[in-house]
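Peer 1: Enclosed is the structure file coords23.csv (CSV, C-alpha atoms).
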```
chain,number,residue,atom,x,y,z
A,1,MET,CA,85.6,85.5,54.4
A,2,PHE,CA,86.8,81.9,53.4
A,3,SER,CA,89.4,81.1,55.9
A,4,ASP,CA,88.5,77.5,56.7
A,5,ALA,CA,91.5,75.2,56.0
A,6,ASP,CA,89.2,72.4,55.0
A,7,GLU,CA,87.6,74.6,52.4
A,8,LEU,CA,91.0,75.1,50.7
A,9,LEU,CA,91.2,71.3,50.1
A,10,GLY,CA,88.3,71.6,47.6
A,11,LEU,CA,88.6,75.2,46.6
A,12,ALA,CA,91.2,77.9,46.5
A,13,THR,CA,89.1,80.7,48.0
A,14,PRO,CA,89.8,84.4,48.5
A,15,ARG,CA,90.5,86.0,51.9
A,16,GLY,CA,88.9,89.2,50.9
A,17,GLY,CA,86.7,90.4,48.5
A,18,GLU,CA,97.1,83.8,29.8
A,19,HIS,CA,97.4,80.8,28.8
A,20,SER,CA,98.8,77.6,30.3
A,21,ASP,CA,100.0,74.4,28.8
A,22,ASP,CA,98.8,72.6,32.0
A,23,ASN,CA,95.3,71.5,30.8
A,24,ARG,CA,95.4,68.0,32.3
A,25,VAL,CA,95.7,66.7,35.8
A,26,SER,CA,98.2,63.9,36.4
A,27,SER,CA,97.2,60.6,34.6
A,28,VAL,CA,93.4,61.1,35.1
A,29,PRO,CA,91.6,61.0,31.7
A,30,VAL,CA,90.5,64.4,30.6
A,31,ALA,CA,87.0,64.6,29.1
A,32,ASN,CA,86.5,66.1,25.7
A,33,ASN,CA,84.4,69.2,25.5
A,34,ASN,CA,82.5,67.7,22.6
A,35,ASP,CA,79.3,66.2,24.0
A,36,HIS,CA,79.1,63.5,21.4
A,37,ASP,CA,82.6,62.3,22.2
A,38,ASP,CA,81.9,62.5,25.9
A,39,ASP,CA,78.9,60.2,25.6
A,40,ALA,CA,81.2,57.5,24.2
A,41,MET,CA,83.5,57.6,27.2
A,42,ASP,CA,83.2,55.2,30.1
A,43,GLU,CA,81.2,57.0,32.7
A,44,GLY,CA,82.6,54.7,35.4
A,45,ASP,CA,85.9,56.4,35.2
A,46,LEU,CA,86.7,59.7,37.0
A,47,GLN,CA,86.8,62.4,34.3
A,48,VAL,CA,88.5,65.8,34.7
A,49,ARG,CA,87.9,69.0,32.8
A,50,THR,CA,89.8,72.2,33.2
A,51,MET,CA,88.9,75.8,32.5
A,52,GLU,CA,91.1,78.9,32.4
A,53,VAL,CA,89.9,82.4,33.3
A,54,PRO,CA,91.8,85.2,31.5
A,55,ARG,CA,94.5,86.9,33.5
A,56,TRP,CA,92.7,90.3,33.4
A,57,LEU,CA,89.7,88.7,35.1
A,58,SER,CA,91.6,86.6,37.6
A,59,THR,CA,90.8,88.4,40.9
A,60,THR,CA,89.6,87.5,44.3
A,61,ASP,CA,86.3,89.2,43.5
A,62,VAL,CA,85.7,87.0,40.5
A,63,THR,CA,86.6,83.9,42.6
A,64,ALA,CA,84.0,85.0,45.2
A,65,HIS,CA,81.5,85.6,42.4
A,66,LEU,CA,82.0,82.1,41.0
A,67,VAL,CA,82.0,80.0,44.1
A,68,GLY,CA,81.6,82.2,47.2
A,69,ARG,CA,78.8,82.2,49.7
A,70,GLY,CA,77.9,78.6,49.3
A,71,LYS,CA,77.9,78.6,45.5
A,72,LYS,CA,80.7,76.0,45.4
A,73,LYS,CA,78.7,73.5,47.4
A,74,THR,CA,75.5,74.1,45.4
A,75,LEU,CA,77.3,73.6,42.1
A,76,GLU,CA,79.0,70.4,43.3
A,77,GLU,CA,75.7,69.0,44.5
A,78,GLU,CA,73.8,70.0,41.4
A,79,TYR,CA,76.4,68.7,38.9
A,80,GLU,CA,77.7,65.8,41.0
A,81,CYS,CA,81.3,66.8,40.9
A,82,THR,CA,84.2,68.5,42.8
A,83,ILE,CA,85.6,71.9,42.0
A,84,VAL,CA,89.1,73.2,42.7
A,85,ILE,CA,90.3,76.7,41.9
A,86,ALA,CA,93.9,77.7,42.0
A,87,GLY,CA,96.2,80.2,40.4
A,88,HIS,CA,96.5,84.0,40.7
A,89,GLY,CA,93.4,85.5,42.3
A,90,SER,CA,92.2,82.2,43.9
A,91,GLY,CA,93.6,82.9,47.3
A,92,THR,CA,95.1,79.4,47.7
A,93,LYS,CA,98.4,78.9,49.5
A,94,ASP,CA,98.6,75.2,48.8
A,95,PRO,CA,101.3,74.5,46.1
A,96,SER,CA,100.0,71.0,45.5
A,97,MET,CA,96.8,72.4,43.9
A,98,PRO,CA,96.7,71.9,40.1
A,99,GLY,CA,97.4,75.2,38.5
A,100,PHE,CA,98.8,76.8,41.7
A,101,HIS,CA,101.7,78.4,39.8
A,102,LEU,CA,99.6,80.0,37.0
A,103,PRO,CA,99.2,83.7,36.6
A,104,HIS,CA,95.5,83.3,36.2
A,105,LEU,CA,92.6,81.4,37.7
A,106,HIS,CA,92.6,77.7,36.8
A,107,ILE,CA,89.5,75.7,37.5
A,108,THR,CA,89.6,71.9,37.7
A,109,MET,CA,86.3,70.0,37.6
A,110,SER,CA,86.1,66.3,38.4
A,111,GLY,CA,83.2,63.8,38.2
A,112,HIS,CA,82.0,60.6,36.7
A,113,ASP,CA,79.3,62.0,34.4
A,114,VAL,CA,81.0,63.9,31.5
A,115,ARG,CA,77.7,65.5,30.5
A,116,GLN,CA,77.3,67.0,33.9
A,117,LEU,CA,80.9,68.3,33.7
A,118,GLY,CA,79.9,70.0,30.4
A,119,ARG,CA,76.9,71.6,32.0
A,120,LEU,CA,79.0,72.8,34.9
A,121,ARG,CA,81.5,74.4,32.6
A,122,ARG,CA,78.6,76.2,30.9
A,123,ALA,CA,77.3,77.4,34.2
A,124,LEU,CA,80.7,78.8,35.2
A,125,GLU,CA,81.0,80.5,31.8
A,126,ASP,CA,77.5,82.0,32.3
A,127,SER,CA,78.6,83.3,35.7
A,128,LEU,CA,81.7,85.0,34.3
A,129,ILE,CA,79.5,86.6,31.6
A,130,ASP,CA,77.1,87.8,34.3
A,131,TYR,CA,80.0,89.3,36.2
A,132,ILE,CA,81.0,91.4,33.3
A,133,ILE,CA,77.5,92.5,32.6
A,134,GLU,CA,76.9,93.4,36.2
A,135,ASN,CA,80.1,95.4,36.5
A,136,THR,CA,79.8,97.4,33.3
A,137,PRO,CA,77.6,100.4,32.6
A,138,GLU,CA,74.6,99.6,30.4
A,139,GLN,CA,75.3,100.3,26.7
A,140,GLU,CA,73.2,103.0,24.9
A,141,ASP,CA,72.2,100.3,22.3
A,142,SER,CA,70.8,97.4,24.3
A,143,ARG,CA,71.9,95.0,21.5
A,144,ASN,CA,75.5,95.8,22.1
A,145,ALA,CA,77.7,93.8,24.5
A,146,PRO,CA,79.8,95.3,27.2
A,147,PRO,CA,83.2,96.1,25.7
A,148,SER,CA,85.1,93.3,27.5
A,149,LEU,CA,82.6,90.5,26.7
A,150,GLY,CA,84.0,89.6,23.3
A,151,ARG,CA,87.5,89.1,24.7
A,152,LEU,CA,86.1,86.9,27.5
A,153,LEU,CA,84.1,84.7,25.0
A,154,TYR,CA,87.2,84.2,22.9
A,155,SER,CA,89.3,83.3,25.9
A,156,LEU,CA,86.8,80.8,27.1
A,157,ALA,CA,86.4,79.1,23.7
A,158,LEU,CA,90.2,78.9,23.3
A,159,SER,CA,90.5,77.4,26.8
A,160,ALA,CA,87.8,74.8,26.0
A,161,ALA,CA,89.5,73.8,22.8
A,162,ASN,CA,92.9,73.5,24.4
A,163,ALA,CA,91.5,71.4,27.2
A,164,SER,CA,90.2,68.8,24.8
A,165,PRO,CA,92.6,65.8,24.3
A,166,LYS,CA,91.5,65.6,20.7
A,167,THR,CA,92.7,69.1,19.8
A,168,LYS,CA,95.8,68.8,17.7
A,169,ASP,CA,96.3,72.5,16.9
A,170,HIS,CA,97.5,74.4,20.0
A,171,THR,CA,98.6,77.4,18.1
A,172,PRO,CA,98.3,80.5,20.4
A,173,ASN,CA,95.8,83.2,19.3
A,174,ARG,CA,94.2,80.9,16.7
A,175,THR,CA,90.6,81.4,15.4
A,176,VAL,CA,88.1,79.3,17.3
A,177,PHE,CA,84.4,78.6,17.3
A,178,ALA,CA,82.8,80.6,20.2
A,179,ARG,CA,79.6,82.0,21.6
A,180,SER,CA,78.7,85.2,19.8
A,181,HIS,CA,78.9,88.5,21.7
A,182,TYR,CA,76.1,90.0,19.6
A,183,PRO,CA,73.2,90.6,20.1
A,184,MET,CA,73.1,90.8,23.9
A,185,ILE,CA,69.8,88.9,24.1
A,186,TYR,CA,71.9,85.7,23.8
A,187,HIS,CA,73.4,86.5,27.2
A,188,THR,CA,70.7,88.4,29.1
A,189,ARG,CA,68.1,85.7,28.4
A,190,ARG,CA,69.2,82.1,28.8
A,191,THR,CA,68.2,79.3,26.6
A,192,VAL,CA,64.9,77.4,26.9
A,193,GLU,CA,66.7,74.3,28.1
A,194,GLU,CA,68.0,76.3,31.0
A,195,GLY,CA,64.5,77.3,32.0
A,196,ALA,CA,64.1,80.7,30.5
A,197,ASN,CA,62.3,82.0,27.4
A,198,GLY,CA,65.4,83.1,25.5
A,199,PRO,CA,66.9,82.2,22.1
A,200,PRO,CA,69.3,79.3,21.6
A,201,THR,CA,73.0,80.0,21.8
A,202,LYS,CA,74.5,81.6,18.6
A,203,LYS,CA,78.1,80.6,17.7
A,204,VAL,CA,80.5,82.2,15.4
A,205,TRP,CA,84.2,81.9,14.3
A,206,MET,CA,86.1,84.4,16.4
A,207,ASN,CA,89.6,85.9,16.9
A,208,VAL,CA,91.1,88.9,18.7
A,209,VAL,CA,93.7,91.4,17.6
A,210,GLU,CA,95.8,93.5,20.0
A,211,LEU,CA,95.9,97.2,19.4
A,212,PRO,CA,99.2,99.2,19.2
A,213,GLN,CA,100.1,101.9,21.7
A,214,ASP,CA,101.9,105.1,21.1
A,215,ASP,CA,105.5,104.7,22.2
A,216,ASN,CA,105.5,108.1,23.9
A,217,SER,CA,102.0,108.8,25.2
A,218,SER,CA,100.9,105.1,25.6
A,219,GLU,CA,97.6,106.0,23.9
A,220,TYR,CA,96.0,103.1,22.1
A,221,HIS,CA,95.6,103.4,18.3
A,222,GLY,CA,92.6,101.7,16.6
A,223,ARG,CA,90.4,104.2,14.9
A,224,PHE,CA,92.4,103.9,11.7
A,225,LEU,CA,91.0,100.3,11.4
A,226,ALA,CA,87.5,101.7,11.0
A,227,GLY,CA,88.3,104.0,8.1
A,228,LYS,CA,86.7,107.3,7.3
A,229,GLN,CA,83.0,107.2,8.4
A,230,GLY,CA,83.3,103.5,9.0
A,231,SER,CA,84.2,102.7,5.4
A,232,LEU,CA,86.6,99.9,6.4
A,233,LEU,CA,84.0,98.3,8.7
A,234,GLU,CA,81.8,97.9,5.6
A,235,TYR,CA,84.7,96.6,3.6
A,236,TYR,CA,85.3,93.8,6.2
A,237,ARG,CA,81.6,92.8,5.9
A,238,THR,CA,81.5,92.8,2.1
A,239,LYS,CA,85.0,91.4,1.3
A,240,PHE,CA,85.4,88.9,4.1
A,241,ASN,CA,81.9,88.4,5.5
A,242,CYS,CA,83.2,89.4,8.9
A,243,ARG,CA,82.0,91.7,11.6
A,244,VAL,CA,84.8,93.8,13.2
A,245,ASP,CA,84.3,95.6,16.5
A,246,ILE,CA,87.0,97.9,17.9
A,247,TYR,CA,87.0,98.5,21.6
A,248,GLY,CA,88.8,101.0,23.8
A,249,VAL,CA,89.5,103.9,21.4
A,250,TRP,CA,86.1,105.7,21.3
A,251,GLY,CA,86.1,107.0,24.8
A,252,ASP,CA,84.9,103.6,26.1
A,253,ASP,CA,88.1,102.6,27.7
A,254,ASP,CA,86.8,103.3,31.2
A,255,ASP,CA,84.2,100.5,30.6
A,256,LEU,CA,86.9,98.0,29.7
A,257,MET,CA,88.2,95.4,32.1
A,258,CYS,CA,90.8,94.3,29.6
A,259,ALA,CA,93.2,96.1,27.2
A,260,PRO,CA,91.7,97.7,24.1
A,261,TYR,CA,91.4,95.2,21.3
A,262,VAL,CA,89.7,94.3,17.9
A,263,LEU,CA,87.2,91.5,17.8
A,264,VAL,CA,86.7,89.7,14.4
A,265,THR,CA,83.8,87.3,14.0
A,266,SER,CA,82.1,85.5,11.1
A,267,GLU,CA,79.2,83.1,10.7
A,268,GLU,CA,80.6,81.9,7.4
A,269,GLY,CA,83.7,80.1,8.3
A,270,LYS,CA,87.2,80.1,10.0
A,271,GLY,CA,88.9,81.0,6.7
A,272,ASN,CA,86.9,84.3,6.5
A,273,VAL,CA,88.2,85.4,9.9
A,274,ASP,CA,91.8,84.3,9.1
A,275,ARG,CA,91.8,86.3,5.9
A,276,CYS,CA,90.3,89.4,7.6
A,277,LEU,CA,92.9,89.1,10.3
A,278,GLN,CA,95.7,89.1,7.7
A,279,PHE,CA,94.3,92.2,6.2
A,280,ILE,CA,94.1,93.9,9.6
A,281,GLU,CA,97.5,92.8,10.7
A,282,HIS,CA,99.2,94.3,7.6
A,283,ARG,CA,97.4,97.6,8.2
A,284,VAL,CA,98.4,97.6,11.9
A,285,ARG,CA,102.1,97.0,10.9
A,286,GLU,CA,102.0,99.9,8.5
A,287,HIS,CA,100.5,102.1,11.1
A,288,GLU,CA,103.1,101.1,13.7
A,289,GLU,CA,106.0,101.9,11.4
A,290,LYS,CA,104.4,105.2,10.3
A,291,TYR,CA,103.3,106.6,13.7
A,292,GLY,CA,105.8,105.0,16.2
A,293,ALA,CA,103.4,102.6,17.9
A,294,SER,CA,103.9,99.1,19.1
A,295,ARG,CA,102.1,96.1,20.7
A,296,ALA,CA,103.0,94.6,24.0
A,297,GLY,CA,102.7,91.1,22.5
A,298,GLY,CA,104.6,92.0,19.3
A,299,ARG,CA,103.5,91.2,15.8
A,300,ARG,CA,101.2,88.3,15.0
A,301,ILE,CA,102.8,85.5,13.1
A,302,LEU,CA,100.9,85.2,9.9
A,303,ARG,CA,100.6,82.2,7.5
A,304,GLY,CA,103.8,81.7,5.7
A,305,GLU,CA,105.9,83.6,8.2
A,306,MET,CA,108.4,81.9,10.6
A,307,GLN,CA,108.7,83.1,14.1
A,308,MET,CA,112.2,84.4,14.7
A,309,SER,CA,114.2,82.6,17.3
A,310,ASP,CA,115.4,84.5,20.4
A,311,SER,CA,118.8,82.8,20.2
```
Output the structure of this file as structure tokens.

Peer 2:
Amino acid sequence: MFSDADELLGLATPRGGEHSDDNRVSSVPVANNNDHDDDAMDEGDLQVRTMEVPRWLSTTDVTAHLVGRGKKKTLEEEYECTIVIAGHGSGTKDPSMPGFHLPHLHITMSGHDVRQLGRLRRALEDSLIDYIIENTPEQEDSRNAPPSLGRLLYSLALSAANASPKTKDHTPNRTVFARSHYPMIYHTRRTVEEGANGPPTKKVWMNVVELPQDDNSSEYHGRFLAGKQGSLLEYYRTKFNCRVDIYGVWGDDDDLMCAPYVLVTSEEGKGNVDRCLQFIEHRVREHEEKYGASRAGGRRILRGEMQMSDS
């Protein structure tokens, strides 16, 4: 569908239907994702922003959804920029493309107006959100998000933070400030600034916990984190001021595009999420030892713990 060689110079496109350290392109300055810092930058210089799509969403279908059928040209004209997509799922065969070697989609956005680049990133994020909504059965409670949405929002927020040159903490799997997954009205009705009669974006502190799998059956374990009749869910709310959602263990795994996971969010602060994560991590470890389950990514490294060297 996108076989033009010239097209590949500006976009790695499909011929059919997690995390990188490569967040900057050569010596070109990278624009901060903070709009106030962006305004202070010299708009005469070419600025570059990057955006990473999680590996589980890096497919040719997603690439086509983002920039296929003339969308790339429309976005570039509207936001006065250029867009390059490379990495797994992009369809590019040009190894000189930034991000070509990555196991996930890597989007490079270049332009002279950093505010326009920020708006472009938001438009691409909205497009990914729409892709998940369009490809997931509607939830019984219309307020609830598709099971995969929280994981996407966390990944996008982490990517945005890592792409900022002012970010000092690049710890993997850290808590970040992200767009809230709940309620869904924040995603089904865009903000007034974008031309719709919807509410402004709600942001929360957010993190994700991987769920363990049974070593024999490969079944994911996660119900134990809810407690009897949801007692632990209430405990997370009262003790840590956190909302905890567990996905993929209630018969909803067919609706998931990613692996089952736990989403922890709080409007109160980063520390609330971190403390709740510590509590959950200890319970997961106890469960793994008792029931013979494990996580593909291994144990999380908690505060005060040192990661064991492989040597």

Peer 1: Taking all atoms listed in the file into account, which of A:Lys72, A:Gly89, A:Asn272, A:Tyr291 comes nearest Ser217 of chain A?

Peer 2: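 Among the listed residues, the smallest separation from Ser217 of chain A belongs to A:Tyr291.
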
Peer 1: Pick out the closest residue to Thr74 of chain A from this set: A:Leu102, A:Arg174, A:His221, A:Leu120. Count all atoms listed in the file.

Peer 2: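 Among the listed residues, A:Leu120 lies closest to Thr74 of chain A.
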
Peer 1: From the options A:Pro183, A:Thr108, A:Arg303, A:Arg122, which residue's atoms come nearest to Gln139 of chain A, counting all atoms listed in the file?

Peer 2: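 For Gln139 of chain A, the nearest of the given residues is A:Pro183.
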
Peer 1: Quick check, in Å to one decimal: how far apart do atom CA of Arg295 of chain A and atom CA of His106 of chain A lie?

Peer 2: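 Distance between the two atoms: 26.2 Å.
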
Peer 1: So how far away is atom CA of Arg69 of chain A from atom CA of Tyr131 of chain A, in Å?

Peer 2: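 Pair atom CA of Tyr131 of chain A / atom CA of Arg69 of chain A returns 15.3 Å.
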
Peer 1: Of the candidates A:Met206, A:Ala296, A:Asp141, A:Tyr220, which one gets nearest to Asp253 of chain A if we count all atoms listed in the file?

Peer 2: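 Counting all atoms listed in the file, the residue closest to Asp253 of chain A is A:Tyr220.
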
Peer 1: Considering all atoms listed in the file, state which residue in the set A:Thr60, A:Thr201, A:Thr167, A:Asn162 is at the smallest distance from Asp126 of chain A.

Peer 2: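 Among the listed residues, A:Thr201 lies closest to Asp126 of chain A.
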
Peer 1: Using all atoms listed in the file, which of A:Gly248, A:Gly70, A:Pro172, A:Gly269 sits nearest Lys203 of chain A?

Peer 2: A:Gly269

Peer 1: Please compute the atom CA of Ser110 of chain A-atom CA of Ser90 of chain A distance, one decimal, in Å.

Peer 2: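 Between atom CA of Ser110 of chain A and atom CA of Ser90 of chain A the gap is 17.9 Å.
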
Peer 1: Excluding Leu149 of chain A and any residue of its chain fewer than 6 positions from it, enumerate the residues within 8 Å of it, using all atoms listed in the file, and give them as an NGL selection string.

Peer 2: :A and (129 or 132 or 181)

Peer 1: In file coordinates, which residues lie within 7 Å of (75.4, 86.5, 27.5) using all atoms listed in the file, given as a list of chain:residue names?

Peer 2: A:Asp126, A:Ile129, A:Met184, A:Ile185, A:Tyr186, A:His187, A:Thr188

Peer 1: With the input short on atoms, add N, CA, C and O atoms back to segment 63-88 of chain A and write it as a PDB file, in the frame of the given file.

Peer 2:
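As written to disk, rebuild.pdb reads:
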```
ATOM      1  N   THR A  63      86.638  85.183  41.887  1.00  0.00           N
ATOM      2  CA  THR A  63      86.600  83.900  42.600  1.00  0.00           C
ATOM      3  C   THR A  63      85.357  83.834  43.498  1.00  0.00           C
ATOM      4  O   THR A  63      84.607  82.845  43.526  1.00  0.00           O
ATOM      5  N   ALA A  64      85.162  84.910  44.259  1.00  0.00           N
ATOM      6  CA  ALA A  64      84.000  85.000  45.200  1.00  0.00           C
ATOM      7  C   ALA A  64      82.700  84.931  44.383  1.00  0.00           C
ATOM      8  O   ALA A  64      81.724  84.298  44.805  1.00  0.00           O
ATOM      9  N   HIS A  65      82.663  85.601  43.233  1.00  0.00           N
ATOM     10  CA  HIS A  65      81.500  85.600  42.400  1.00  0.00           C
ATOM     11  C   HIS A  65      81.144  84.205  41.892  1.00  0.00           C
ATOM     12  O   HIS A  65      79.972  83.802  41.830  1.00  0.00           O
ATOM     13  N   LEU A  66      82.179  83.457  41.535  1.00  0.00           N
ATOM     14  CA  LEU A  66      82.000  82.100  41.000  1.00  0.00           C
ATOM     15  C   LEU A  66      81.546  81.098  42.013  1.00  0.00           C
ATOM     16  O   LEU A  66      80.632  80.301  41.763  1.00  0.00           O
ATOM     17  N   VAL A  67      82.212  81.100  43.168  1.00  0.00           N
ATOM     18  CA  VAL A  67      82.000  80.000  44.100  1.00  0.00           C
ATOM     19  C   VAL A  67      81.832  80.422  45.562  1.00  0.00           C
ATOM     20  O   VAL A  67      81.773  79.575  46.456  1.00  0.00           O
ATOM     21  N   GLY A  68      81.768  81.709  45.815  1.00  0.00           N
ATOM     22  CA  GLY A  68      81.600  82.200  47.200  1.00  0.00           C
ATOM     23  C   GLY A  68      80.214  82.041  47.726  1.00  0.00           C
ATOM     24  O   GLY A  68      79.259  81.764  47.003  1.00  0.00           O
ATOM     25  N   ARG A  69      80.078  82.234  49.042  1.00  0.00           N
ATOM     26  CA  ARG A  69      78.800  82.200  49.700  1.00  0.00           C
ATOM     27  C   ARG A  69      77.950  80.985  49.429  1.00  0.00           C
ATOM     28  O   ARG A  69      76.750  81.054  49.123  1.00  0.00           O
ATOM     29  N   GLY A  70      78.604  79.841  49.481  1.00  0.00           N
ATOM     30  CA  GLY A  70      77.900  78.600  49.300  1.00  0.00           C
ATOM     31  C   GLY A  70      77.681  78.139  47.876  1.00  0.00           C
ATOM     32  O   GLY A  70      77.126  77.059  47.629  1.00  0.00           O
ATOM     33  N   LYS A  71      78.114  78.945  46.905  1.00  0.00           N
ATOM     34  CA  LYS A  71      77.900  78.600  45.500  1.00  0.00           C
ATOM     35  C   LYS A  71      78.651  77.313  45.127  1.00  0.00           C
ATOM     36  O   LYS A  71      78.170  76.506  44.334  1.00  0.00           O
ATOM     37  N   LYS A  72      79.854  77.158  45.688  1.00  0.00           N
ATOM     38  CA  LYS A  72      80.700  76.000  45.400  1.00  0.00           C
ATOM     39  C   LYS A  72      79.911  74.700  45.746  1.00  0.00           C
ATOM     40  O   LYS A  72      79.807  73.752  44.949  1.00  0.00           O
ATOM     41  N   LYS A  73      79.398  74.643  46.958  1.00  0.00           N
ATOM     42  CA  LYS A  73      78.700  73.500  47.400  1.00  0.00           C
ATOM     43  C   LYS A  73      77.444  73.202  46.578  1.00  0.00           C
ATOM     44  O   LYS A  73      77.142  72.056  46.216  1.00  0.00           O
ATOM     45  N   THR A  74      76.729  74.280  46.251  1.00  0.00           N
ATOM     46  CA  THR A  74      75.500  74.100  45.400  1.00  0.00           C
ATOM     47  C   THR A  74      75.855  73.572  44.056  1.00  0.00           C
ATOM     48  O   THR A  74      75.162  72.669  43.563  1.00  0.00           O
ATOM     49  N   LEU A  75      76.916  74.089  43.423  1.00  0.00           N
ATOM     50  CA  LEU A  75      77.300  73.600  42.100  1.00  0.00           C
ATOM     51  C   LEU A  75      77.764  72.152  42.169  1.00  0.00           C
ATOM     52  O   LEU A  75      77.416  71.346  41.294  1.00  0.00           O
ATOM     53  N   GLU A  76      78.528  71.801  43.184  1.00  0.00           N
ATOM     54  CA  GLU A  76      79.000  70.400  43.300  1.00  0.00           C
ATOM     55  C   GLU A  76      77.872  69.445  43.496  1.00  0.00           C
ATOM     56  O   GLU A  76      77.893  68.345  42.935  1.00  0.00           O
ATOM     57  N   GLU A  77      76.868  69.839  44.259  1.00  0.00           N
ATOM     58  CA  GLU A  77      75.700  69.000  44.500  1.00  0.00           C
ATOM     59  C   GLU A  77      74.866  68.844  43.218  1.00  0.00           C
ATOM     60  O   GLU A  77      74.406  67.756  42.854  1.00  0.00           O
ATOM     61  N   GLU A  78      74.658  69.966  42.550  1.00  0.00           N
ATOM     62  CA  GLU A  78      73.800  70.000  41.400  1.00  0.00           C
ATOM     63  C   GLU A  78      74.423  69.168  40.213  1.00  0.00           C
ATOM     64  O   GLU A  78      73.722  68.440  39.499  1.00  0.00           O
ATOM     65  N   TYR A  79      75.746  69.299  40.032  1.00  0.00           N
ATOM     66  CA  TYR A  79      76.400  68.700  38.900  1.00  0.00           C
ATOM     67  C   TYR A  79      77.212  67.412  39.292  1.00  0.00           C
ATOM     68  O   TYR A  79      77.928  66.863  38.460  1.00  0.00           O
ATOM     69  N   GLU A  80      77.088  66.995  40.546  1.00  0.00           N
ATOM     70  CA  GLU A  80      77.700  65.800  41.000  1.00  0.00           C
ATOM     71  C   GLU A  80      79.188  65.707  40.697  1.00  0.00           C
ATOM     72  O   GLU A  80      79.677  64.825  39.985  1.00  0.00           O
ATOM     73  N   CYS A  81      79.924  66.682  41.217  1.00  0.00           N
ATOM     74  CA  CYS A  81      81.300  66.800  40.900  1.00  0.00           C
ATOM     75  C   CYS A  81      82.068  67.496  42.034  1.00  0.00           C
ATOM     76  O   CYS A  81      81.470  67.853  43.052  1.00  0.00           O
ATOM     77  N   THR A  82      83.369  67.663  41.845  1.00  0.00           N
ATOM     78  CA  THR A  82      84.200  68.500  42.800  1.00  0.00           C
ATOM     79  C   THR A  82      84.819  69.593  41.964  1.00  0.00           C
ATOM     80  O   THR A  82      85.145  69.423  40.780  1.00  0.00           O
ATOM     81  N   ILE A  83      85.021  70.741  42.610  1.00  0.00           N
ATOM     82  CA  ILE A  83      85.600  71.900  42.000  1.00  0.00           C
ATOM     83  C   ILE A  83      86.829  72.358  42.753  1.00  0.00           C
ATOM     84  O   ILE A  83      86.781  72.456  43.979  1.00  0.00           O
ATOM     85  N   VAL A  84      87.924  72.605  42.050  1.00  0.00           N
ATOM     86  CA  VAL A  84      89.100  73.200  42.700  1.00  0.00           C
ATOM     87  C   VAL A  84      89.533  74.379  41.854  1.00  0.00           C
ATOM     88  O   VAL A  84      89.613  74.319  40.622  1.00  0.00           O
ATOM     89  N   ILE A  85      89.782  75.489  42.535  1.00  0.00           N
ATOM     90  CA  ILE A  85      90.300  76.700  41.900  1.00  0.00           C
ATOM     91  C   ILE A  85      91.603  77.082  42.448  1.00  0.00           C
ATOM     92  O   ILE A  85      91.779  77.175  43.660  1.00  0.00           O
ATOM     93  N   ALA A  86      92.560  77.311  41.554  1.00  0.00           N
ATOM     94  CA  ALA A  86      93.900  77.700  42.000  1.00  0.00           C
ATOM     95  C   ALA A  86      94.403  78.782  41.021  1.00  0.00           C
ATOM     96  O   ALA A  86      93.683  79.247  40.142  1.00  0.00           O
ATOM     97  N   GLY A  87      95.664  79.181  41.215  1.00  0.00           N
ATOM     98  CA  GLY A  87      96.200  80.200  40.400  1.00  0.00           C
ATOM     99  C   GLY A  87      96.038  81.604  40.956  1.00  0.00           C
ATOM    100  O   GLY A  87      95.418  81.789  42.009  1.00  0.00           O
ATOM    101  N   HIS A  88      96.556  82.606  40.266  1.00  0.00           N
ATOM    102  CA  HIS A  88      96.500  84.000  40.700  1.00  0.00           C
ATOM    103  C   HIS A  88      95.019  84.421  40.894  1.00  0.00           C
ATOM    104  O   HIS A  88      94.193  84.206  40.017  1.00  0.00           O
TER     105      HIS A  88
END
```
